[in-house]
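Raw contents of model_29.tsv, TSV, N, CA and C atoms and all ligand atoms:
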chain	number	residue	atom	x	y	z
A	1	MET	N	110.94	116.04	109.07
A	1	MET	CA	109.59	115.89	109.61
A	1	MET	C	109.63	114.89	110.75
A	2	VAL	N	109.04	115.25	111.87
A	2	VAL	CA	108.97	114.35	113.01
A	2	VAL	C	107.63	113.63	113.00
A	3	ARG	N	107.71	112.33	113.03
A	3	ARG	CA	106.48	111.53	113.06
A	3	ARG	C	106.27	111.06	114.48
A	4	THR	N	105.06	111.24	114.98
A	4	THR	CA	104.78	110.86	116.36
A	4	THR	C	103.97	109.57	116.43
A	5	ASP	N	103.34	109.19	115.32
A	5	ASP	CA	102.57	107.95	115.35
A	5	ASP	C	103.49	106.77	115.06
A	6	ARG	N	102.96	105.58	115.15
A	6	ARG	CA	103.77	104.39	114.97
A	6	ARG	C	103.51	103.69	113.63
A	7	SER	N	102.80	104.39	112.75
A	7	SER	CA	102.50	103.77	111.46
A	7	SER	C	103.78	103.66	110.64
A	8	PRO	N	103.88	102.63	109.82
A	8	PRO	CA	105.13	102.44	109.07
A	8	PRO	C	105.35	103.55	108.04
A	9	LEU	N	106.59	103.90	107.88
A	9	LEU	CA	106.96	104.85	106.84
A	9	LEU	C	106.79	104.18	105.49
A	10	PRO	N	106.55	104.98	104.45
A	10	PRO	CA	106.46	104.38	103.11
A	10	PRO	C	107.75	103.64	102.77
A	11	THR	N	107.60	102.50	102.16
A	11	THR	CA	108.76	101.71	101.77
A	11	THR	C	109.44	102.36	100.58
A	12	ARG	N	110.72	102.58	100.70
A	12	ARG	CA	111.45	103.13	99.56
A	12	ARG	C	111.77	102.00	98.61
A	13	ARG	N	111.56	102.28	97.34
A	13	ARG	CA	111.67	101.22	96.34
A	13	ARG	C	113.08	101.18	95.74
A	14	ARG	N	114.03	100.82	96.55
A	14	ARG	CA	115.40	100.68	96.06
A	14	ARG	C	115.59	99.21	95.69
A	15	LEU	N	115.16	98.90	94.46
A	15	LEU	CA	115.07	97.49	94.07
A	15	LEU	C	116.44	96.85	94.01
A	16	PHE	N	117.39	97.52	93.41
A	16	PHE	CA	118.76	97.05	93.49
A	16	PHE	C	119.70	98.22	93.26
A	17	LEU	N	120.68	98.32	94.09
A	17	LEU	CA	121.62	99.43	94.04
A	17	LEU	C	123.01	98.90	94.35
A	18	HIS	N	123.87	98.93	93.37
A	18	HIS	CA	125.22	98.41	93.55
A	18	HIS	C	126.20	99.57	93.60
A	19	TYR	N	126.40	100.11	94.79
A	19	TYR	CA	127.36	101.18	94.98
A	19	TYR	C	127.20	102.28	93.93
A	20	GLY	N	125.98	102.69	93.74
A	20	GLY	CA	125.70	103.82	92.85
A	20	GLY	C	125.65	103.48	91.39
A	21	ALA	N	125.85	102.23	91.04
A	21	ALA	CA	125.92	101.88	89.62
A	21	ALA	C	124.53	101.79	88.99
A	22	VAL	N	123.60	101.21	89.71
A	22	VAL	CA	122.27	101.01	89.13
A	22	VAL	C	121.21	101.44	90.14
A	23	VAL	N	120.39	102.36	89.72
A	23	VAL	CA	119.23	102.72	90.51
A	23	VAL	C	118.02	102.49	89.62
A	24	SER	N	117.18	101.56	89.98
A	24	SER	CA	116.10	101.18	89.08
A	24	SER	C	114.89	102.09	89.19
A	25	ASP	N	114.78	102.84	90.28
A	25	ASP	CA	113.69	103.81	90.40
A	25	ASP	C	114.26	105.12	90.93
A	26	PHE	N	114.87	105.87	90.02
A	26	PHE	CA	115.51	107.13	90.39
A	26	PHE	C	114.50	108.08	91.03
A	27	TYR	N	113.26	108.03	90.58
A	27	TYR	CA	112.27	109.03	90.99
A	27	TYR	C	111.85	108.84	92.44
A	28	CYS	N	111.53	107.61	92.83
A	28	CYS	CA	111.21	107.36	94.24
A	28	CYS	C	112.45	107.51	95.11
A	29	ASP	N	113.56	106.92	94.66
A	29	ASP	CA	114.75	106.86	95.49
A	29	ASP	C	115.43	108.20	95.66
A	30	GLU	N	115.46	109.00	94.61
A	30	GLU	CA	116.26	110.22	94.64
A	30	GLU	C	115.44	111.51	94.65
A	31	VAL	N	114.45	111.58	93.80
A	31	VAL	CA	113.72	112.85	93.64
A	31	VAL	C	112.63	112.99	94.69
A	32	LEU	N	111.74	112.01	94.76
A	32	LEU	CA	110.60	112.11	95.67
A	32	LEU	C	111.03	111.95	97.13
A	33	SER	N	112.15	111.27	97.36
A	33	SER	CA	112.68	111.13	98.72
A	33	SER	C	113.37	112.41	99.18
A	34	GLY	N	113.70	113.29	98.21
A	34	GLY	CA	114.43	114.51	98.55
A	34	GLY	C	115.94	114.32	98.55
A	35	GLU	N	116.43	113.12	98.24
A	35	GLU	CA	117.87	112.87	98.21
A	35	GLU	C	118.56	113.74	97.16
A	36	THR	N	117.91	113.90	96.02
A	36	THR	CA	118.43	114.75	94.95
A	36	THR	C	117.53	115.97	94.81
A	37	GLN	N	118.12	117.14	94.92
A	37	GLN	CA	117.38	118.38	94.78
A	37	GLN	C	117.10	118.64	93.30
A	38	VAL	N	115.89	119.09	92.99
A	38	VAL	CA	115.53	119.36	91.61
A	38	VAL	C	114.94	120.76	91.49
A	39	GLU	N	115.03	121.28	90.26
A	39	GLU	CA	114.46	122.60	89.96
A	39	GLU	C	113.05	122.39	89.40
A	40	VAL	N	112.08	122.71	90.21
A	40	VAL	CA	110.69	122.43	89.86
A	40	VAL	C	110.19	123.41	88.80
A	41	VAL	N	109.52	122.86	87.79
A	41	VAL	CA	108.93	123.64	86.70
A	41	VAL	C	107.45	123.88	86.97
A	42	ARG	N	106.79	122.82	87.42
A	42	ARG	CA	105.35	122.88	87.68
A	42	ARG	C	105.02	121.76	88.66
A	43	GLU	N	104.03	122.01	89.51
A	43	GLU	CA	103.70	121.01	90.52
A	43	GLU	C	102.22	121.07	90.84
A	44	THR	N	101.61	119.89	90.98
A	44	THR	CA	100.23	119.79	91.47
A	44	THR	C	100.26	118.88	92.69
A	45	ALA	N	99.08	118.58	93.22
A	45	ALA	CA	99.01	117.71	94.40
A	45	ALA	C	99.65	116.35	94.14
A	46	ALA	N	99.50	115.85	92.91
A	46	ALA	CA	99.93	114.48	92.62
A	46	ALA	C	101.05	114.38	91.59
A	47	VAL	N	101.47	115.52	91.02
A	47	VAL	CA	102.40	115.49	89.89
A	47	VAL	C	103.52	116.52	90.09
A	48	LEU	N	104.73	116.13	89.67
A	48	LEU	CA	105.87	117.02	89.74
A	48	LEU	C	106.56	117.08	88.38
A	49	ALA	N	106.85	118.29	87.92
A	49	ALA	CA	107.63	118.50	86.70
A	49	ALA	C	108.87	119.29	87.08
A	50	TYR	N	110.05	118.83	86.62
A	50	TYR	CA	111.29	119.50	87.00
A	50	TYR	C	112.33	119.36	85.89
A	51	HIS	N	113.32	120.21	85.93
A	51	HIS	CA	114.41	120.13	84.96
A	51	HIS	C	115.27	118.90	85.25
A	52	HIS	N	115.50	118.08	84.23
A	52	HIS	CA	116.30	116.86	84.36
A	52	HIS	C	117.66	117.21	84.97
A	53	THR	N	118.14	116.38	85.87
A	53	THR	CA	119.41	116.67	86.54
A	53	THR	C	120.61	116.39	85.63
A	54	ARG	N	120.43	115.51	84.62
A	54	ARG	CA	121.49	115.25	83.64
A	54	ARG	C	120.86	115.32	82.26
A	55	PRO	N	120.57	116.53	81.78
A	55	PRO	CA	119.76	116.68	80.56
A	55	PRO	C	120.38	116.03	79.32
A	56	PHE	N	119.51	115.40	78.56
A	56	PHE	CA	119.89	114.73	77.33
A	56	PHE	C	119.63	115.64	76.14
A	57	TRP	N	118.76	116.63	76.32
A	57	TRP	CA	118.45	117.64	75.32
A	57	TRP	C	118.67	119.01	75.94
A	58	PRO	N	118.86	120.05	75.12
A	58	PRO	CA	119.07	121.40	75.65
A	58	PRO	C	117.94	121.85	76.59
A	59	VAL	N	116.70	121.49	76.25
A	59	VAL	CA	115.58	121.67	77.18
A	59	VAL	C	115.08	120.27	77.50
A	60	HIS	N	115.10	119.91	78.77
A	60	HIS	CA	114.74	118.54	79.16
A	60	HIS	C	114.05	118.58	80.52
A	61	ILE	N	112.74	118.44	80.47
A	61	ILE	CA	111.91	118.45	81.67
A	61	ILE	C	111.32	117.07	81.86
A	62	VAL	N	111.27	116.60	83.09
A	62	VAL	CA	110.70	115.30	83.41
A	62	VAL	C	109.41	115.53	84.20
A	63	VAL	N	108.37	114.80	83.84
A	63	VAL	CA	107.09	114.91	84.55
A	63	VAL	C	106.77	113.55	85.15
A	64	ILE	N	106.56	113.52	86.46
A	64	ILE	CA	106.33	112.24	87.16
A	64	ILE	C	105.15	112.35	88.12
A	65	PRO	N	104.46	111.22	88.33
A	65	PRO	CA	103.49	111.18	89.43
A	65	PRO	C	104.25	111.10	90.75
A	66	LYS	N	103.72	111.73	91.81
A	66	LYS	CA	104.40	111.73	93.10
A	66	LYS	C	104.27	110.40	93.82
A	67	GLN	N	103.31	109.58	93.41
A	67	GLN	CA	103.23	108.23	93.97
A	67	GLN	C	103.81	107.26	92.94
A	68	HIS	N	104.22	106.10	93.43
A	68	HIS	CA	104.85	105.15	92.53
A	68	HIS	C	103.83	104.58	91.54
A	69	VAL	N	104.12	104.77	90.26
A	69	VAL	CA	103.35	104.18	89.17
A	69	VAL	C	104.37	103.56	88.23
A	70	PRO	N	104.27	102.26	87.94
A	70	PRO	CA	105.34	101.60	87.18
A	70	PRO	C	105.58	102.15	85.78
A	71	SER	N	104.53	102.31	84.98
A	71	SER	CA	104.73	102.77	83.60
A	71	SER	C	103.38	103.15	83.01
A	72	LEU	N	103.42	103.67	81.79
A	72	LEU	CA	102.18	104.04	81.11
A	72	LEU	C	101.31	102.81	80.83
A	73	THR	N	101.95	101.68	80.61
A	73	THR	CA	101.18	100.46	80.33
A	73	THR	C	100.95	99.61	81.57
A	74	ASP	N	101.52	100.01	82.71
A	74	ASP	CA	101.26	99.33	83.98
A	74	ASP	C	101.06	100.42	85.02
A	75	LEU	N	99.82	100.82	85.20
A	75	LEU	CA	99.53	101.94	86.10
A	75	LEU	C	99.53	101.53	87.57
A	76	GLY	N	99.70	100.23	87.84
A	76	GLY	CA	99.80	99.78	89.23
A	76	GLY	C	98.57	100.16	90.02
A	77	ASP	N	98.79	100.80	91.16
A	77	ASP	CA	97.68	101.18	92.04
A	77	ASP	C	97.28	102.65	91.87
A	78	ALA	N	97.60	103.21	90.72
A	78	ALA	CA	97.28	104.62	90.50
A	78	ALA	C	95.77	104.86	90.63
A	79	PRO	N	95.38	105.87	91.39
A	79	PRO	CA	93.95	106.16	91.53
A	79	PRO	C	93.38	106.75	90.25
A	80	ALA	N	92.06	106.60	90.11
A	80	ALA	CA	91.38	107.19	88.96
A	80	ALA	C	91.68	108.69	88.93
A	81	GLY	N	91.96	109.19	87.76
A	81	GLY	CA	92.22	110.62	87.64
A	81	GLY	C	93.68	111.00	87.64
A	82	LEU	N	94.54	110.11	88.15
A	82	LEU	CA	95.97	110.46	88.22
A	82	LEU	C	96.56	110.64	86.83
A	83	LEU	N	96.24	109.73	85.92
A	83	LEU	CA	96.80	109.83	84.57
A	83	LEU	C	96.34	111.13	83.90
A	84	ALA	N	95.09	111.50	84.11
A	84	ALA	CA	94.58	112.75	83.52
A	84	ALA	C	95.32	113.95	84.11
A	85	GLU	N	95.58	113.91	85.42
A	85	GLU	CA	96.31	115.02	86.06
A	85	GLU	C	97.75	115.08	85.55
A	86	LEU	N	98.34	113.90	85.39
A	86	LEU	CA	99.71	113.82	84.88
A	86	LEU	C	99.79	114.38	83.46
A	87	LEU	N	98.87	113.92	82.61
A	87	LEU	CA	98.89	114.38	81.21
A	87	LEU	C	98.56	115.86	81.10
A	88	ASP	N	97.77	116.37	82.03
A	88	ASP	CA	97.47	117.80	82.00
A	88	ASP	C	98.73	118.61	82.30
A	89	VAL	N	99.56	118.12	83.24
A	89	VAL	CA	100.82	118.80	83.52
A	89	VAL	C	101.76	118.68	82.31
A	90	VAL	N	101.83	117.48	81.72
A	90	VAL	CA	102.64	117.29	80.50
A	90	VAL	C	102.20	118.29	79.43
A	91	ARG	N	100.89	118.41	79.26
A	91	ARG	CA	100.33	119.29	78.24
A	91	ARG	C	100.76	120.75	78.48
A	92	HIS	N	100.68	121.20	79.71
A	92	HIS	CA	101.05	122.59	80.01
A	92	HIS	C	102.55	122.82	79.87
A	93	VAL	N	103.34	121.87	80.36
A	93	VAL	CA	104.80	122.02	80.28
A	93	VAL	C	105.23	122.00	78.81
A	94	ALA	N	104.69	121.05	78.04
A	94	ALA	CA	105.03	120.97	76.61
A	94	ALA	C	104.57	122.21	75.88
A	95	GLY	N	103.41	122.74	76.26
A	95	GLY	CA	102.91	123.97	75.65
A	95	GLY	C	103.83	125.14	75.90
A	96	ASP	N	104.38	125.21	77.12
A	96	ASP	CA	105.33	126.29	77.43
A	96	ASP	C	106.61	126.15	76.61
A	97	VAL	N	107.12	124.92	76.48
A	97	VAL	CA	108.34	124.69	75.69
A	97	VAL	C	108.07	125.02	74.22
A	98	GLU	N	106.93	124.57	73.71
A	98	GLU	CA	106.56	124.85	72.32
A	98	GLU	C	106.44	126.35	72.08
A	99	ALA	N	105.82	127.05	73.01
A	99	ALA	CA	105.64	128.50	72.86
A	99	ALA	C	106.98	129.23	72.88
A	100	GLU	N	107.90	128.75	73.73
A	100	GLU	CA	109.19	129.44	73.85
A	100	GLU	C	110.14	129.10	72.72
A	101	HIS	N	110.13	127.83	72.27
A	101	HIS	CA	111.14	127.37	71.31
A	101	HIS	C	110.58	127.02	69.93
A	102	GLY	N	109.27	126.97	69.81
A	102	GLY	CA	108.66	126.67	68.52
A	102	GLY	C	108.49	125.18	68.24
A	103	ALA	N	108.95	124.33	69.16
A	103	ALA	CA	108.83	122.88	68.99
A	103	ALA	C	109.04	122.20	70.34
A	104	ALA	N	108.54	121.01	70.45
A	104	ALA	CA	108.76	120.20	71.65
A	104	ALA	C	108.49	118.74	71.32
A	105	ARG	N	109.09	117.85	72.10
A	105	ARG	CA	108.79	116.42	72.01
A	105	ARG	C	108.29	115.96	73.38
A	106	VAL	N	107.40	114.97	73.33
A	106	VAL	CA	106.93	114.32	74.56
A	106	VAL	C	107.12	112.83	74.37
A	107	LEU	N	107.84	112.20	75.29
A	107	LEU	CA	108.01	110.75	75.14
A	107	LEU	C	108.05	110.06	76.49
A	108	THR	N	107.63	108.82	76.48
A	108	THR	CA	107.78	107.95	77.64
A	108	THR	C	108.26	106.60	77.14
A	109	ASN	N	109.17	105.99	77.88
A	109	ASN	CA	109.74	104.71	77.48
A	109	ASN	C	109.01	103.57	78.17
A	110	LEU	N	109.01	102.42	77.51
A	110	LEU	CA	108.32	101.23	78.03
A	110	LEU	C	109.23	100.01	77.91
A	111	GLY	N	108.99	99.06	78.77
A	111	GLY	CA	109.72	97.78	78.69
A	111	GLY	C	111.22	97.97	78.78
A	112	GLU	N	111.95	97.35	77.87
A	112	GLU	CA	113.41	97.41	77.89
A	112	GLU	C	113.94	98.82	77.69
A	113	TYR	N	113.15	99.67	77.08
A	113	TYR	CA	113.57	101.07	76.87
A	113	TYR	C	113.49	101.90	78.15
A	114	GLN	N	112.73	101.42	79.14
A	114	GLN	CA	112.49	102.21	80.35
A	114	GLN	C	113.53	101.88	81.42
A	115	ASP	N	114.49	102.77	81.62
A	115	ASP	CA	115.56	102.53	82.59
A	115	ASP	C	115.04	102.59	84.02
A	116	SER	N	114.28	103.62	84.33
A	116	SER	CA	113.79	103.82	85.69
A	116	SER	C	112.32	103.41	85.72
A	117	LYS	N	112.03	102.41	86.55
A	117	LYS	CA	110.69	101.79	86.50
A	117	LYS	C	109.66	102.59	87.30
A	118	HIS	N	109.56	103.85	86.96
A	118	HIS	CA	108.57	104.76	87.54
A	118	HIS	C	108.12	105.63	86.37
A	119	LEU	N	106.83	105.61	86.11
A	119	LEU	CA	106.28	106.34	84.97
A	119	LEU	C	106.82	107.77	84.92
A	120	HIS	N	107.39	108.14	83.78
A	120	HIS	CA	107.87	109.50	83.62
A	120	HIS	C	107.79	109.89	82.15
A	121	PHE	N	107.42	111.13	81.94
A	121	PHE	CA	107.40	111.69	80.59
A	121	PHE	C	108.57	112.66	80.46
A	122	HIS	N	109.27	112.55	79.32
A	122	HIS	CA	110.30	113.52	78.98
A	122	HIS	C	109.66	114.56	78.06
A	123	VAL	N	109.78	115.82	78.43
A	123	VAL	CA	109.37	116.92	77.55
A	123	VAL	C	110.67	117.60	77.15
A	124	ASN	N	110.94	117.63	75.84
A	124	ASN	CA	112.25	118.13	75.44
A	124	ASN	C	112.20	118.93	74.16
A	125	PHE	N	113.29	119.66	73.95
A	125	PHE	CA	113.48	120.46	72.74
A	125	PHE	C	114.96	120.42	72.39
A	126	GLY	N	115.24	120.36	71.08
A	126	GLY	CA	116.62	120.47	70.60
A	126	GLY	C	117.24	119.12	70.32
A	127	PRO	N	118.47	119.15	69.76
A	127	PRO	CA	119.16	117.89	69.42
A	127	PRO	C	119.62	117.15	70.66
A	128	ALA	N	119.65	115.82	70.58
A	128	ALA	CA	120.17	115.01	71.67
A	128	ALA	C	121.64	115.33	71.91
A	129	ARG	N	122.04	115.36	73.18
A	129	ARG	CA	123.41	115.77	73.52
A	129	ARG	C	124.40	114.62	73.61
A	130	ARG	N	123.91	113.43	73.88
A	130	ARG	CA	124.84	112.31	74.07
A	130	ARG	C	124.14	111.03	73.71
A	131	GLY	N	124.92	110.00	73.42
A	131	GLY	CA	124.35	108.70	73.11
A	131	GLY	C	123.83	108.03	74.37
A	132	SER	N	122.97	107.04	74.16
A	132	SER	CA	122.41	106.33	75.30
A	132	SER	C	123.40	105.27	75.76
A	201	ZN	ZN	108.70	104.96	91.93

Step by step, read the file and then write its structure as structure tokens.
Ligand SMILES: [Zn+2]
Amino acid sequence: MVRTDRSPLPTRRRLFLHYGAVVSDFYCDEVLSGETQVEVVRETAAVLAYHHTRPFWPVHIVVIPKQHVPSLTDLGDAPAGLLAELLDVVRHVAGDVEAEHGAARVLTNLGEYQDSKHLHFHVNFGPARRGS
């Protein structure tokens, strides 16, 4: 995309990156920036759902807001309605997994459990594939 105005580009939130070892916001840095290509499952104006690039479960879909939101308990500058739109996408994606496989899990990590500091829901089915 060619920008002709002089307004600043959005700041990429690469909080700390040591030669690929640690990316604290995979979603802004890799997915939303387009650095990592993803297979989209469902998309709205403000929300993206896609197949996890390194799935932990046989079915593993990640649902994220397209703008930076720190976590479920720290919504940051999220506008009114964003959480409802996000949960609506989670609801539909989980419903599709449940309908196809007969079961689904929905989870979001917080605090020390949250590796990537960008709100994301995991929608998954099946046994975990690897240890954390
Ligand atoms: Zn982010």

Which distance in Å separates atom C of Tyr50 in chain A and atom N of Val38 in chain A, to one decimal?
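So the two atoms, atom C of Tyr50 in chain A and atom N of Val38 in chain A, lie 7.9 Å apart.
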
Mind listing the residues within 8 Å of ligand ZN 201 (chain A), only N, CA and C atoms and all ligand atoms counted, as a list in words?
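Those residues are Arg12, Arg13, Ser24, Asp25, Phe26, Tyr27, Cys28, Asp29, Pro65, Lys66, Gln67, His68, Val69, Pro70, Ser116, Lys117, His118 and Leu119 of chain A.
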
Could you take the residues named above and write them with N, CA and C atoms, as a PDB file, in the frame of the given file?
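Final output, saved to part_17.pdb:
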ATOM      1  N   ARG A  12     110.720 102.580 100.700  1.00  0.00           N
ATOM      2  CA  ARG A  12     111.450 103.130  99.560  1.00  0.00           C
ATOM      3  C   ARG A  12     111.770 102.000  98.610  1.00  0.00           C
ATOM      4  N   ARG A  13     111.560 102.280  97.340  1.00  0.00           N
ATOM      5  CA  ARG A  13     111.670 101.220  96.340  1.00  0.00           C
ATOM      6  C   ARG A  13     113.080 101.180  95.740  1.00  0.00           C
ATOM      7  N   SER A  24     117.180 101.560  89.980  1.00  0.00           N
ATOM      8  CA  SER A  24     116.100 101.180  89.080  1.00  0.00           C
ATOM      9  C   SER A  24     114.890 102.090  89.190  1.00  0.00           C
ATOM     10  N   ASP A  25     114.780 102.840  90.280  1.00  0.00           N
ATOM     11  CA  ASP A  25     113.690 103.810  90.400  1.00  0.00           C
ATOM     12  C   ASP A  25     114.260 105.120  90.930  1.00  0.00           C
ATOM     13  N   PHE A  26     114.870 105.870  90.020  1.00  0.00           N
ATOM     14  CA  PHE A  26     115.510 107.130  90.390  1.00  0.00           C
ATOM     15  C   PHE A  26     114.500 108.080  91.030  1.00  0.00           C
ATOM     16  N   TYR A  27     113.260 108.030  90.580  1.00  0.00           N
ATOM     17  CA  TYR A  27     112.270 109.030  90.990  1.00  0.00           C
ATOM     18  C   TYR A  27     111.850 108.840  92.440  1.00  0.00           C
ATOM     19  N   CYS A  28     111.530 107.610  92.830  1.00  0.00           N
ATOM     20  CA  CYS A  28     111.210 107.360  94.240  1.00  0.00           C
ATOM     21  C   CYS A  28     112.450 107.510  95.110  1.00  0.00           C
ATOM     22  N   ASP A  29     113.560 106.920  94.660  1.00  0.00           N
ATOM     23  CA  ASP A  29     114.750 106.860  95.490  1.00  0.00           C
ATOM     24  C   ASP A  29     115.430 108.200  95.660  1.00  0.00           C
ATOM     25  N   PRO A  65     104.460 111.220  88.330  1.00  0.00           N
ATOM     26  CA  PRO A  65     103.490 111.180  89.430  1.00  0.00           C
ATOM     27  C   PRO A  65     104.250 111.100  90.750  1.00  0.00           C
ATOM     28  N   LYS A  66     103.720 111.730  91.810  1.00  0.00           N
ATOM     29  CA  LYS A  66     104.400 111.730  93.100  1.00  0.00           C
ATOM     30  C   LYS A  66     104.270 110.400  93.820  1.00  0.00           C
ATOM     31  N   GLN A  67     103.310 109.580  93.410  1.00  0.00           N
ATOM     32  CA  GLN A  67     103.230 108.230  93.970  1.00  0.00           C
ATOM     33  C   GLN A  67     103.810 107.260  92.940  1.00  0.00           C
ATOM     34  N   HIS A  68     104.220 106.100  93.430  1.00  0.00           N
ATOM     35  CA  HIS A  68     104.850 105.150  92.530  1.00  0.00           C
ATOM     36  C   HIS A  68     103.830 104.580  91.540  1.00  0.00           C
ATOM     37  N   VAL A  69     104.120 104.770  90.260  1.00  0.00           N
ATOM     38  CA  VAL A  69     103.350 104.180  89.170  1.00  0.00           C
ATOM     39  C   VAL A  69     104.370 103.560  88.230  1.00  0.00           C
ATOM     40  N   PRO A  70     104.270 102.260  87.940  1.00  0.00           N
ATOM     41  CA  PRO A  70     105.340 101.600  87.180  1.00  0.00           C
ATOM     42  C   PRO A  70     105.580 102.150  85.780  1.00  0.00           C
ATOM     43  N   SER A 116     114.280 103.620  84.330  1.00  0.00           N
ATOM     44  CA  SER A 116     113.790 103.820  85.690  1.00  0.00           C
ATOM     45  C   SER A 116     112.320 103.410  85.720  1.00  0.00           C
ATOM     46  N   LYS A 117     112.030 102.410  86.550  1.00  0.00           N
ATOM     47  CA  LYS A 117     110.690 101.790  86.500  1.00  0.00           C
ATOM     48  C   LYS A 117     109.660 102.590  87.300  1.00  0.00           C
ATOM     49  N   HIS A 118     109.560 103.850  86.960  1.00  0.00           N
ATOM     50  CA  HIS A 118     108.570 104.760  87.540  1.00  0.00           C
ATOM     51  C   HIS A 118     108.120 105.630  86.370  1.00  0.00           C
ATOM     52  N   LEU A 119     106.830 105.610  86.110  1.00  0.00           N
ATOM     53  CA  LEU A 119     106.280 106.340  84.970  1.00  0.00           C
ATOM     54  C   LEU A 119     106.820 107.770  84.920  1.00  0.00           C
TER      55      LEU A 119
END

note - atom N of Gly81 in chain A and atom N of Glu39 in chain A are separated by 26.2 Å

Find the residue from A:Arg91, A:Arg42, A:His52, A:Arg105 that sits nearest to His122 in chain A; use only N, CA and C atoms when measuring.
A:Arg105

Please, what distance in Å, to one decimal, runs between atom C of Ile64 in chain A and atom N of Asn124 in chain A?
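Taking atom C of Ile64 in chain A and atom N of Asn124 in chain A, their separation equals 14.6 Å.
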
Write down as number ranges by chain the residues belonging to range 38-129 of chain A that are assigned helix (DSSP H, G or I) by DSSP computed on the backbone.
A: 82-101, 111-113

Neighbours of Asn109 in chain A within 7 Å (all atoms listed in the file; same-chain residues fewer than 4 positions away dropped), as JSON, numbers by chain?
{"A": [71, 72, 113, 114, 115, 120, 121, 122]}

For Val123 in chain A, please output as a PyMOL selection string all residues within 5 Å (counting only N, CA and C atoms; exclusion window: fewer than 4 positions along the same chain).
chain A and resi 60-62+105-106

Considering only N, CA and C atoms, return as an MDAnalysis selection string whatever protein or nucleic-acid residues lie within 8 Å of Val93 in chain A, sequence-local ones (same chain, fewer than 2 positions apart) excluded.
chainID A and resid 41:42 49 87:91 95:99 123:124

Nearest residue to Pro55 in chain A from the set A:Val40, A:Ala128, A:Ala84, A:Leu110 (distances using all atoms listed in the file)
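Selected residue with least distance to Pro55 in chain A: A:Ala128.
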
Name the residues of range 26-89 of chain A that come out as strand (DSSP E) in a backbone DSSP run; write them as a list in words.
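Output for range 26-89 of chain A, strand (DSSP E) only: Glu39, Val40, Val41, Arg42, Glu43, Val47, Leu48, Ala49, Tyr50, His51, Val59, His60, Ile61, Val62, Val63, Ile64 and Pro65 of chain A.
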
Find, counting only C-alpha atoms, the residue in A:Thr108, A:Ala94, A:Asp77, A:His101 that gets nearest to Pro58 in chain A.
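Of the candidates, the smallest distance to Pro58 in chain A is held by A:His101.
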